[in-house]
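Novice: Have a peek at coords-v5.cif (mmCIF, N, CA and C atoms).
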```
data_start
#
loop_
_atom_site.label_atom_id
_atom_site.label_comp_id
_atom_site.auth_asym_id
_atom_site.auth_seq_id
_atom_site.Cartn_x
_atom_site.Cartn_y
_atom_site.Cartn_z
N MET A 1 106.18 101.68 116.55
CA MET A 1 105.24 101.56 115.46
C MET A 1 105.96 101.81 114.15
N GLN A 2 105.52 101.10 113.14
CA GLN A 2 106.09 101.28 111.82
C GLN A 2 105.18 102.17 110.99
N LEU A 3 105.79 102.87 110.07
CA LEU A 3 105.03 103.65 109.10
C LEU A 3 105.62 103.32 107.74
N ARG A 4 104.82 102.72 106.89
CA ARG A 4 105.29 102.38 105.55
C ARG A 4 104.61 103.30 104.56
N THR A 5 105.38 103.84 103.69
CA THR A 5 104.83 104.71 102.67
C THR A 5 105.32 104.26 101.31
N GLY A 6 104.65 104.70 100.33
CA GLY A 6 104.99 104.34 98.97
C GLY A 6 105.98 105.28 98.34
N ARG A 7 105.52 106.34 97.72
CA ARG A 7 106.32 107.09 96.77
C ARG A 7 106.79 108.43 97.30
N SER A 8 106.19 109.45 96.85
CA SER A 8 106.69 110.81 97.01
C SER A 8 106.44 111.39 98.38
N GLY A 9 106.92 112.61 98.57
CA GLY A 9 106.71 113.33 99.82
C GLY A 9 105.25 113.56 100.12
N ALA A 10 104.44 113.85 99.08
CA ALA A 10 103.00 114.08 99.30
C ALA A 10 102.35 112.83 99.86
N VAL A 11 102.70 111.67 99.31
CA VAL A 11 102.14 110.42 99.79
C VAL A 11 102.65 110.14 101.21
N ALA A 12 103.91 110.45 101.47
CA ALA A 12 104.45 110.29 102.82
C ALA A 12 103.71 111.19 103.80
N ASP A 13 103.39 112.41 103.39
CA ASP A 13 102.60 113.31 104.24
C ASP A 13 101.22 112.73 104.50
N ASP A 14 100.59 112.16 103.46
CA ASP A 14 99.28 111.53 103.63
C ASP A 14 99.38 110.38 104.62
N ALA A 15 100.39 109.55 104.49
CA ALA A 15 100.56 108.42 105.40
C ALA A 15 100.75 108.91 106.83
N ALA A 16 101.49 109.97 107.01
CA ALA A 16 101.69 110.53 108.36
C ALA A 16 100.37 111.08 108.91
N GLN A 17 99.57 111.72 108.06
CA GLN A 17 98.26 112.21 108.49
C GLN A 17 97.36 111.06 108.92
N ILE A 18 97.40 109.97 108.17
CA ILE A 18 96.59 108.81 108.49
C ILE A 18 97.05 108.18 109.80
N ARG A 19 98.33 108.09 109.97
CA ARG A 19 98.87 107.53 111.22
C ARG A 19 98.38 108.36 112.41
N THR A 20 98.43 109.66 112.31
CA THR A 20 97.95 110.55 113.37
C THR A 20 96.46 110.36 113.59
N LEU A 21 95.68 110.27 112.52
CA LEU A 21 94.24 110.05 112.61
C LEU A 21 93.96 108.77 113.40
N ILE A 22 94.67 107.69 113.09
CA ILE A 22 94.44 106.40 113.76
C ILE A 22 94.87 106.47 115.22
N GLN A 23 95.97 107.11 115.50
CA GLN A 23 96.40 107.25 116.89
C GLN A 23 95.39 108.05 117.70
N LYS A 24 94.87 109.13 117.13
CA LYS A 24 93.84 109.93 117.82
C LYS A 24 92.57 109.12 118.03
N TRP A 25 92.19 108.33 117.04
CA TRP A 25 91.01 107.47 117.16
C TRP A 25 91.19 106.49 118.31
N ALA A 26 92.35 105.82 118.36
CA ALA A 26 92.61 104.84 119.43
C ALA A 26 92.60 105.52 120.80
N GLU A 27 93.16 106.72 120.89
CA GLU A 27 93.14 107.46 122.15
C GLU A 27 91.71 107.80 122.55
N ALA A 28 90.87 108.18 121.58
CA ALA A 28 89.46 108.48 121.86
C ALA A 28 88.74 107.22 122.34
N VAL A 29 89.01 106.09 121.71
CA VAL A 29 88.42 104.83 122.16
C VAL A 29 88.82 104.58 123.62
N HIS A 30 90.09 104.72 123.90
CA HIS A 30 90.59 104.47 125.26
C HIS A 30 89.94 105.39 126.29
N ARG A 31 89.67 106.64 125.92
CA ARG A 31 89.04 107.61 126.83
C ARG A 31 87.52 107.42 126.92
N GLY A 32 86.94 106.66 126.00
CA GLY A 32 85.49 106.54 125.95
C GLY A 32 84.84 107.78 125.36
N ASP A 33 85.55 108.45 124.47
CA ASP A 33 85.11 109.70 123.84
C ASP A 33 84.42 109.39 122.51
N LEU A 34 83.09 109.26 122.55
CA LEU A 34 82.34 108.87 121.36
C LEU A 34 82.52 109.86 120.22
N ASP A 35 82.47 111.15 120.49
CA ASP A 35 82.66 112.14 119.41
C ASP A 35 84.03 111.98 118.76
N GLY A 36 85.05 111.73 119.56
CA GLY A 36 86.40 111.52 119.03
C GLY A 36 86.49 110.25 118.20
N VAL A 37 85.79 109.20 118.60
CA VAL A 37 85.78 107.94 117.85
C VAL A 37 85.13 108.14 116.48
N LEU A 38 84.06 108.92 116.43
CA LEU A 38 83.31 109.12 115.19
C LEU A 38 83.93 110.16 114.26
N ALA A 39 84.81 110.99 114.78
CA ALA A 39 85.25 112.22 114.10
C ALA A 39 85.71 112.04 112.66
N ASP A 40 86.42 111.02 112.36
CA ASP A 40 87.02 110.88 111.02
C ASP A 40 86.48 109.68 110.26
N HIS A 41 85.20 109.39 110.44
CA HIS A 41 84.56 108.28 109.73
C HIS A 41 83.54 108.81 108.74
N THR A 42 83.36 108.06 107.65
CA THR A 42 82.41 108.46 106.62
C THR A 42 80.98 108.10 107.05
N GLU A 43 80.02 108.78 106.47
CA GLU A 43 78.61 108.48 106.74
C GLU A 43 78.25 107.05 106.32
N ASP A 44 78.93 106.53 105.29
CA ASP A 44 78.61 105.21 104.77
C ASP A 44 79.59 104.13 105.23
N ILE A 45 80.20 104.33 106.39
CA ILE A 45 81.18 103.36 106.89
C ILE A 45 80.58 101.95 106.95
N VAL A 46 81.44 100.98 106.67
CA VAL A 46 81.13 99.56 106.84
C VAL A 46 82.10 99.04 107.88
N MET A 47 81.56 98.36 108.91
CA MET A 47 82.43 97.80 109.94
C MET A 47 82.10 96.34 110.17
N TYR A 48 83.15 95.52 110.21
CA TYR A 48 83.06 94.13 110.64
C TYR A 48 83.74 94.09 112.00
N ASP A 49 83.00 93.63 113.01
CA ASP A 49 83.48 93.68 114.38
C ASP A 49 83.54 92.28 114.97
N VAL A 50 84.13 92.19 116.16
CA VAL A 50 84.22 90.91 116.84
C VAL A 50 82.83 90.40 117.23
N PRO A 51 82.01 91.21 117.93
CA PRO A 51 80.67 90.72 118.26
C PRO A 51 79.73 90.81 117.06
N PRO A 52 78.62 90.07 117.10
CA PRO A 52 77.63 90.15 116.03
C PRO A 52 77.10 91.57 115.87
N PRO A 53 76.52 91.89 114.71
CA PRO A 53 76.19 90.98 113.62
C PRO A 53 77.41 90.70 112.73
N HIS A 54 77.59 89.46 112.37
CA HIS A 54 78.77 89.07 111.61
C HIS A 54 78.71 89.50 110.16
N GLU A 55 77.53 89.90 109.68
CA GLU A 55 77.45 90.42 108.31
C GLU A 55 77.87 91.88 108.25
N GLY A 56 78.23 92.44 109.38
CA GLY A 56 78.76 93.79 109.43
C GLY A 56 77.69 94.84 109.69
N LEU A 57 78.16 96.03 109.93
CA LEU A 57 77.31 97.19 110.17
C LEU A 57 77.52 98.18 109.04
N HIS A 58 76.47 98.87 108.68
CA HIS A 58 76.54 99.83 107.58
C HIS A 58 75.99 101.17 108.04
N GLY A 59 76.79 102.19 107.90
CA GLY A 59 76.36 103.54 108.21
C GLY A 59 76.86 104.02 109.56
N LEU A 60 77.01 105.32 109.66
CA LEU A 60 77.57 105.95 110.86
C LEU A 60 76.67 105.74 112.09
N ALA A 61 75.36 105.74 111.92
CA ALA A 61 74.47 105.55 113.07
C ALA A 61 74.66 104.16 113.68
N ALA A 62 74.76 103.13 112.83
CA ALA A 62 74.99 101.77 113.33
C ALA A 62 76.37 101.66 113.98
N TYR A 63 77.37 102.29 113.38
CA TYR A 63 78.72 102.31 113.95
C TYR A 63 78.70 102.97 115.33
N ARG A 64 78.04 104.11 115.43
CA ARG A 64 77.93 104.85 116.69
C ARG A 64 77.35 103.96 117.79
N ALA A 65 76.32 103.19 117.47
CA ALA A 65 75.61 102.37 118.46
C ALA A 65 76.47 101.26 119.05
N THR A 66 77.54 100.87 118.38
CA THR A 66 78.38 99.78 118.90
C THR A 66 79.29 100.21 120.04
N TRP A 67 79.56 101.50 120.16
CA TRP A 67 80.59 101.94 121.09
C TRP A 67 80.18 102.01 122.55
N PRO A 68 78.98 102.45 122.93
CA PRO A 68 78.66 102.51 124.37
C PRO A 68 78.84 101.18 125.11
N PRO A 69 78.40 100.03 124.56
CA PRO A 69 78.67 98.77 125.28
C PRO A 69 80.17 98.47 125.41
N PHE A 70 80.94 98.82 124.39
CA PHE A 70 82.39 98.61 124.47
C PHE A 70 82.99 99.49 125.56
N PHE A 71 82.56 100.74 125.63
CA PHE A 71 83.06 101.64 126.67
C PHE A 71 82.73 101.12 128.06
N GLU A 72 81.53 100.54 128.23
CA GLU A 72 81.16 99.95 129.53
C GLU A 72 82.10 98.81 129.89
N TRP A 73 82.39 97.94 128.93
CA TRP A 73 83.32 96.84 129.15
C TRP A 73 84.71 97.39 129.47
N GLN A 74 85.14 98.35 128.70
CA GLN A 74 86.48 98.92 128.88
C GLN A 74 86.64 99.59 130.24
N ALA A 75 85.55 100.12 130.79
CA ALA A 75 85.59 100.79 132.10
C ALA A 75 85.97 99.82 133.22
N GLN A 76 85.96 98.53 132.94
CA GLN A 76 86.37 97.52 133.92
C GLN A 76 87.89 97.42 134.02
N GLY A 77 88.60 98.31 133.33
CA GLY A 77 90.06 98.31 133.40
C GLY A 77 90.75 97.79 132.15
N ALA A 78 90.00 97.58 131.08
CA ALA A 78 90.60 97.05 129.85
C ALA A 78 91.44 98.12 129.17
N CYS A 79 92.43 97.66 128.42
CA CYS A 79 93.27 98.58 127.65
C CYS A 79 92.87 98.51 126.18
N PHE A 80 93.30 99.51 125.44
CA PHE A 80 93.09 99.60 123.99
C PHE A 80 94.28 100.40 123.46
N ASP A 81 95.40 99.71 123.23
CA ASP A 81 96.66 100.36 122.91
C ASP A 81 97.25 99.80 121.61
N ILE A 82 97.63 100.68 120.71
CA ILE A 82 98.26 100.26 119.46
C ILE A 82 99.65 99.69 119.76
N ASP A 83 99.88 98.48 119.27
CA ASP A 83 101.17 97.80 119.41
C ASP A 83 102.01 97.98 118.16
N SER A 84 101.39 97.87 117.00
CA SER A 84 102.07 98.09 115.72
C SER A 84 101.07 98.67 114.74
N LEU A 85 101.57 99.49 113.80
CA LEU A 85 100.71 100.15 112.83
C LEU A 85 101.47 100.31 111.52
N ASP A 86 100.86 99.83 110.45
CA ASP A 86 101.41 99.99 109.10
C ASP A 86 100.39 100.74 108.26
N VAL A 87 100.86 101.73 107.51
CA VAL A 87 99.99 102.56 106.66
C VAL A 87 100.52 102.54 105.24
N THR A 88 99.63 102.33 104.29
CA THR A 88 99.96 102.46 102.87
C THR A 88 98.98 103.46 102.27
N ALA A 89 99.52 104.54 101.71
CA ALA A 89 98.67 105.62 101.21
C ALA A 89 98.90 105.86 99.72
N GLY A 90 97.80 106.06 99.02
CA GLY A 90 97.84 106.55 97.66
C GLY A 90 97.42 108.01 97.68
N THR A 91 97.00 108.51 96.54
CA THR A 91 96.60 109.92 96.50
C THR A 91 95.21 110.15 97.07
N ASP A 92 94.29 109.17 96.92
CA ASP A 92 92.95 109.37 97.44
C ASP A 92 92.36 108.16 98.14
N VAL A 93 93.06 107.05 98.19
CA VAL A 93 92.66 105.89 98.98
C VAL A 93 93.88 105.36 99.72
N ALA A 94 93.61 104.71 100.85
CA ALA A 94 94.70 104.18 101.67
C ALA A 94 94.16 103.03 102.51
N TYR A 95 95.08 102.25 103.02
CA TYR A 95 94.69 101.23 103.99
C TYR A 95 95.75 101.18 105.08
N ALA A 96 95.31 100.67 106.22
CA ALA A 96 96.22 100.52 107.35
C ALA A 96 95.85 99.22 108.07
N HIS A 97 96.85 98.62 108.68
CA HIS A 97 96.58 97.48 109.53
C HIS A 97 97.41 97.62 110.80
N ALA A 98 96.82 97.15 111.89
CA ALA A 98 97.45 97.33 113.19
C ALA A 98 97.16 96.13 114.08
N LEU A 99 97.99 96.00 115.09
CA LEU A 99 97.75 95.06 116.19
C LEU A 99 97.62 95.90 117.45
N LEU A 100 96.60 95.59 118.26
CA LEU A 100 96.34 96.35 119.48
C LEU A 100 96.27 95.43 120.68
N ARG A 101 96.78 95.90 121.80
CA ARG A 101 96.53 95.25 123.08
C ARG A 101 95.14 95.69 123.49
N CYS A 102 94.22 94.72 123.57
CA CYS A 102 92.84 95.03 123.89
C CYS A 102 92.33 93.93 124.80
N GLY A 103 92.18 94.25 126.07
CA GLY A 103 91.68 93.26 127.01
C GLY A 103 91.80 93.76 128.43
N THR A 104 91.16 93.03 129.32
CA THR A 104 91.27 93.34 130.74
C THR A 104 92.62 92.82 131.23
N PRO A 105 93.09 93.30 132.37
CA PRO A 105 94.35 92.78 132.91
C PRO A 105 94.32 91.25 133.07
N GLU A 106 93.18 90.72 133.48
CA GLU A 106 93.07 89.26 133.65
C GLU A 106 93.20 88.54 132.31
N GLU A 107 92.52 89.06 131.29
CA GLU A 107 92.59 88.43 129.97
C GLU A 107 94.00 88.47 129.41
N LEU A 108 94.67 89.60 129.59
CA LEU A 108 96.03 89.72 129.05
C LEU A 108 97.04 88.92 129.88
N ALA A 109 96.79 88.74 131.17
CA ALA A 109 97.66 87.89 131.98
C ALA A 109 97.54 86.43 131.54
N GLU A 110 96.31 86.04 131.19
CA GLU A 110 96.08 84.66 130.74
C GLU A 110 96.64 84.42 129.34
N ARG A 111 96.55 85.45 128.48
CA ARG A 111 97.02 85.34 127.09
C ARG A 111 97.83 86.58 126.74
N PRO A 112 99.07 86.69 127.22
CA PRO A 112 99.84 87.94 127.07
C PRO A 112 100.18 88.33 125.65
N THR A 113 100.15 87.40 124.72
CA THR A 113 100.48 87.75 123.33
C THR A 113 99.24 88.03 122.48
N LEU A 114 98.05 87.91 123.07
CA LEU A 114 96.82 88.15 122.33
C LEU A 114 96.75 89.59 121.84
N ARG A 115 96.44 89.76 120.57
CA ARG A 115 96.30 91.09 119.98
C ARG A 115 95.03 91.16 119.15
N LEU A 116 94.37 92.31 119.24
CA LEU A 116 93.24 92.61 118.37
C LEU A 116 93.81 93.02 117.02
N ARG A 117 93.27 92.45 115.96
CA ARG A 117 93.71 92.82 114.61
C ARG A 117 92.76 93.88 114.07
N LEU A 118 93.33 94.91 113.50
CA LEU A 118 92.55 96.03 112.98
C LEU A 118 93.00 96.31 111.55
N THR A 119 92.02 96.41 110.66
CA THR A 119 92.28 96.82 109.28
C THR A 119 91.34 97.98 108.97
N LEU A 120 91.88 99.03 108.38
CA LEU A 120 91.11 100.22 108.03
C LEU A 120 91.28 100.52 106.55
N GLY A 121 90.19 100.88 105.90
CA GLY A 121 90.21 101.41 104.54
C GLY A 121 89.82 102.87 104.63
N LEU A 122 90.60 103.73 104.01
CA LEU A 122 90.35 105.17 104.08
C LEU A 122 90.23 105.75 102.69
N ARG A 123 89.51 106.86 102.62
CA ARG A 123 89.45 107.61 101.37
C ARG A 123 89.53 109.10 101.70
N LYS A 124 90.06 109.83 100.76
CA LYS A 124 90.19 111.28 100.95
C LYS A 124 88.95 111.94 100.38
N GLU A 125 88.28 112.71 101.23
CA GLU A 125 87.08 113.45 100.84
C GLU A 125 87.33 114.93 101.08
N ARG A 126 87.26 115.72 100.02
CA ARG A 126 87.48 117.16 100.11
C ARG A 126 88.77 117.48 100.87
N GLY A 127 89.82 116.73 100.54
CA GLY A 127 91.14 116.98 101.10
C GLY A 127 91.37 116.41 102.49
N ARG A 128 90.42 115.65 103.02
CA ARG A 128 90.53 115.13 104.39
C ARG A 128 90.40 113.61 104.38
N TRP A 129 91.30 112.92 105.07
CA TRP A 129 91.25 111.47 105.18
C TRP A 129 90.13 111.06 106.13
N ARG A 130 89.35 110.03 105.69
CA ARG A 130 88.25 109.52 106.50
C ARG A 130 88.22 108.00 106.40
N VAL A 131 87.84 107.37 107.48
CA VAL A 131 87.74 105.91 107.53
C VAL A 131 86.40 105.49 106.93
N ALA A 132 86.47 104.66 105.88
CA ALA A 132 85.28 104.16 105.21
C ALA A 132 85.02 102.69 105.50
N HIS A 133 86.04 101.99 105.96
CA HIS A 133 85.91 100.56 106.28
C HIS A 133 86.76 100.26 107.50
N GLU A 134 86.19 99.49 108.42
CA GLU A 134 86.90 99.13 109.65
C GLU A 134 86.61 97.66 109.94
N HIS A 135 87.65 96.91 110.26
CA HIS A 135 87.49 95.48 110.54
C HIS A 135 88.32 95.14 111.77
N HIS A 136 87.66 94.59 112.79
CA HIS A 136 88.32 94.15 114.01
C HIS A 136 88.20 92.64 114.09
N SER A 137 89.24 91.96 114.54
CA SER A 137 89.13 90.51 114.77
C SER A 137 90.19 90.07 115.77
N PHE A 138 89.88 88.97 116.44
CA PHE A 138 90.86 88.26 117.26
C PHE A 138 91.15 86.94 116.58
N PRO A 139 92.37 86.44 116.73
CA PRO A 139 92.67 85.11 116.16
C PRO A 139 91.80 84.05 116.83
N HIS A 140 91.39 83.06 116.09
CA HIS A 140 90.58 81.98 116.63
C HIS A 140 91.53 80.81 116.89
N ASP A 141 91.78 80.58 118.15
CA ASP A 141 92.70 79.48 118.52
C ASP A 141 91.96 78.18 118.69
#
```
If you convert what's in this file into structure tokens, what do you get?

Specialist:
Amino acid sequence: MQLRTGRSGAVADDAAQIRTLIQKWAEAVHRGDLDGVLADHTEDIVMYDVPPPHEGLHGLAAYRATWPPFFEWQAQGACFDIDSLDVTAGTDVAYAHALLRCGTPEELAERPTLRLRLTLGLRKERGRWRVAHEHHSFPHD
């Protein structure tokens, strides 16, 4: 995984904190740990996801509701593993983009290079990084 940072040591520390936050989030998704998935998200999160609604979801309650069906699908043996991760951090806002292996063994055998694209927008609230925007997509072939 790559970690890209901008300027000073403080910003590098922020980028490292964000990288850890994202890795913990992905591990929580993989475990089906809803509390862990929600832990570092803002109350006003906006998420654009692969399944509908395509106009996105607004708020932590709507975000929370999307995960149980995903966990059910994932329980069929699907993986959710970060392949690459880039983080750019400022003093109070940051963004990250990643590629993830996300699919069942059959899906990945059929399309071994398929990756889920993830983009996150983060903001620092009371000294703590939180995800305020999340966007998941697959390439449309």

Novice: Counting only N, CA and C atoms, I want the residues whose atoms come within 6 Å of (84.9, 111.5, 108.4) in the file frame, returned as a PyMOL selection string.

Specialist: chain A and resi 39-43+129-131

Novice: Separation of CA of Gly90 (chain A) and CA of Ala62 (chain A), in Å?

Specialist: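 Between CA of Gly90 (chain A) and CA of Ala62 (chain A) the gap is 28.1 Å.
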
Novice: Please extract the residues of region 42-100 of chain A with a backbone DSSP assignment of strand (DSSP E or B) and present them as a list in words.

Specialist: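 These are the residues in question: Thr42, Glu43, Asp44, Ile45, Val46, Met47, Tyr48, Leu57, His58, Cys79, Phe80, Asp81, Ile82, Asp83, Ser84, Leu85, Asp86, Val87, Thr88, Ala89, Val93, Ala94, Tyr95, Ala96, His97, Ala98, Leu99 and Leu100 of chain A.
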
Novice: Figure out the distance between CA of Asp86 (chain A) and CA of His140 (chain A), please, to one decimal in Å.

Specialist: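 Those two atoms sit 22.3 Å apart.
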
Novice: With distances taken over only C-alpha atoms, which of A:Met47, A:Ala61, A:Ile18, A:Ile82 is nearest to Arg123 (chain A)?

Specialist: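 That would be A:Ile18, the residue with the smallest distance to Arg123 (chain A).
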